[in-house]
>>> print(open('start-v3.cif').read())   # mmCIF, C-alpha atoms
data_start
loop_
_atom_site.group_PDB
_atom_site.id
_atom_site.type_symbol
_atom_site.label_atom_id
_atom_site.label_comp_id
_atom_site.auth_asym_id
_atom_site.auth_seq_id
_atom_site.Cartn_x
_atom_site.Cartn_y
_atom_site.Cartn_z
ATOM 1 C CA MET N 1 10.948 9.172 25.324
ATOM 2 C CA LEU N 2 10.565 6.174 23.022
ATOM 3 C CA ASN N 3 14.256 6.002 22.171
ATOM 4 C CA ASN N 4 15.060 4.852 25.732
ATOM 5 C CA ILE N 5 12.844 1.733 25.718
ATOM 6 C CA GLY N 6 15.343 -0.842 24.435
ATOM 7 C CA LEU N 7 14.855 -4.542 23.755
ATOM 8 C CA PRO N 8 13.807 -5.608 27.296
ATOM 9 C CA GLY N 9 11.140 -2.907 27.391
ATOM 10 C CA LEU N 10 9.776 -3.949 23.992
ATOM 11 C CA LEU N 11 9.637 -7.581 25.099
ATOM 12 C CA LEU N 12 7.776 -6.605 28.267
ATOM 13 C CA ILE N 13 5.265 -4.571 26.246
ATOM 14 C CA ALA N 14 4.777 -7.491 23.830
ATOM 15 C CA VAL N 15 4.120 -9.913 26.719
ATOM 16 C CA VAL N 16 1.616 -7.541 28.352
ATOM 17 C CA VAL N 17 -0.251 -7.054 25.064
ATOM 18 C CA LEU N 18 -0.281 -10.813 24.478
ATOM 19 C CA VAL N 19 -1.692 -11.451 27.958
ATOM 20 C CA LEU N 20 -4.338 -8.736 27.646
ATOM 21 C CA PHE N 21 -5.646 -9.554 24.182
ATOM 22 C CA GLY N 22 -4.780 -13.201 23.726
ATOM 23 C CA ARG N 23 -3.052 -14.915 20.849
ATOM 24 C CA GLY N 24 -6.178 -15.383 18.733
ATOM 25 C CA LYS N 25 -7.196 -11.729 18.815
ATOM 26 C CA ILE N 26 -3.695 -10.512 17.939
ATOM 27 C CA SER N 27 -3.423 -13.090 15.146
ATOM 28 C CA SER N 28 -6.698 -11.981 13.572
ATOM 29 C CA LEU N 29 -5.726 -8.324 13.958
ATOM 30 C CA MET N 30 -2.387 -8.890 12.218
ATOM 31 C CA GLY N 31 -4.210 -10.786 9.453
ATOM 32 C CA GLU N 32 -6.459 -7.780 8.874
ATOM 33 C CA VAL N 33 -3.445 -5.452 8.851
ATOM 34 C CA GLY N 34 -1.789 -7.687 6.252
ATOM 35 C CA LYS N 35 -4.915 -7.656 4.075
ATOM 36 C CA GLY N 36 -5.058 -3.879 4.334
ATOM 37 C CA ILE N 37 -1.425 -3.504 3.287
ATOM 38 C CA THR N 38 -1.984 -5.866 0.354
ATOM 39 C CA ALA N 39 -5.061 -3.940 -0.767
ATOM 40 C CA PHE N 40 -3.160 -0.651 -0.477
ATOM 41 C CA LYS N 41 -0.261 -1.951 -2.575
ATOM 42 C CA LYS N 42 -2.687 -3.278 -5.197
ATOM 43 C CA GLY N 43 -4.463 0.075 -5.336
ATOM 44 C CA VAL N 44 -1.206 1.973 -5.761
ATOM 45 C CA LYS N 45 -0.097 -0.432 -8.501
ATOM 46 C CA ASP N 46 -3.431 -0.097 -10.325
ATOM 47 C CA GLY N 47 -3.274 3.681 -10.061
ATOM 48 C CA THR N 48 0.224 3.890 -11.496
ATOM 49 C CA GLU N 49 -0.698 1.499 -14.319
ATOM 50 C CA GLU N 50 -3.738 3.644 -15.124
ATOM 51 C CA LEU N 51 -1.579 6.783 -15.267
ATOM 52 C CA GLU N 52 1.014 5.042 -17.445
ATOM 53 C CA ASN N 53 -1.685 3.821 -19.836
ATOM 54 C CA ALA N 54 -3.184 7.312 -20.064
ATOM 55 C CA ASN N 55 0.253 8.783 -20.792
ATOM 56 C CA ALA N 56 0.919 6.098 -23.403
ATOM 57 C CA GLU N 57 -2.419 6.834 -25.122
ATOM 58 C CA ALA N 58 -1.631 10.538 -25.179
ATOM 59 C CA ALA N 59 1.824 9.874 -26.629
ATOM 60 C CA LYS N 60 0.631 7.513 -29.403
ATOM 61 C CA ASP N 61 -1.001 10.020 -31.725
ATOM 62 C CA VAL N 62 0.859 13.296 -32.119
ATOM 63 C CA THR N 63 -0.606 14.263 -35.467
ATOM 64 C CA PRO N 64 -2.353 17.650 -35.361
ATOM 65 C CA GLU N 65 -6.136 17.572 -35.853
ATOM 66 C CA SER N 66 -5.915 19.560 -39.100
ATOM 67 C CA GLU N 67 -3.484 17.020 -40.584
ATOM 68 C CA LYS N 68 -5.617 13.971 -39.709
ATOM 69 C CA ASP N 69 -8.278 14.870 -42.290
ATOM 70 C CA LYS N 70 -5.746 15.024 -45.127
ATOM 71 C CA VAL N 71 -4.665 11.385 -44.854
#
>>> encode(input="start-v3.cif", output="structure tokens")
Amino acid sequence: MLNNIGLPGLLLIAVVVLVLFGRGKISSLMGEVGKGITAFKKGVKDGTEELENANAEAAKDVTPESEKDKV
């Protein structure tokens, strides 16, 4: 169903949405969407950094516990 819309149909939908909601409302909505995407990307980046740091900490010391006392 959606693959038959085409460019003129999308433009018509965009104009109708703009008329119904107004430019200010759409602008603020898109700003909130942008902030949400930015926060999501930051969260994913922080999560991957945390996992990498945990893996690096685990890989640093490979000496068995029984051998640590002998040094």
>>> atom_distance(input="start-v3.cif", atom1="atom CA of N:Ala56", atom2="atom CA of N:Lys42")
20.8 Å
>>> atom_distance(input="start-v3.cif", atom1="atom CA of N:Asp46", atom2="atom CA of N:Met30")
24.2 Å
>>> atom_distance(input="start-v3.cif", atom1="atom CA of N:Leu7", atom2="atom CA of N:Ile26")
20.3 Å
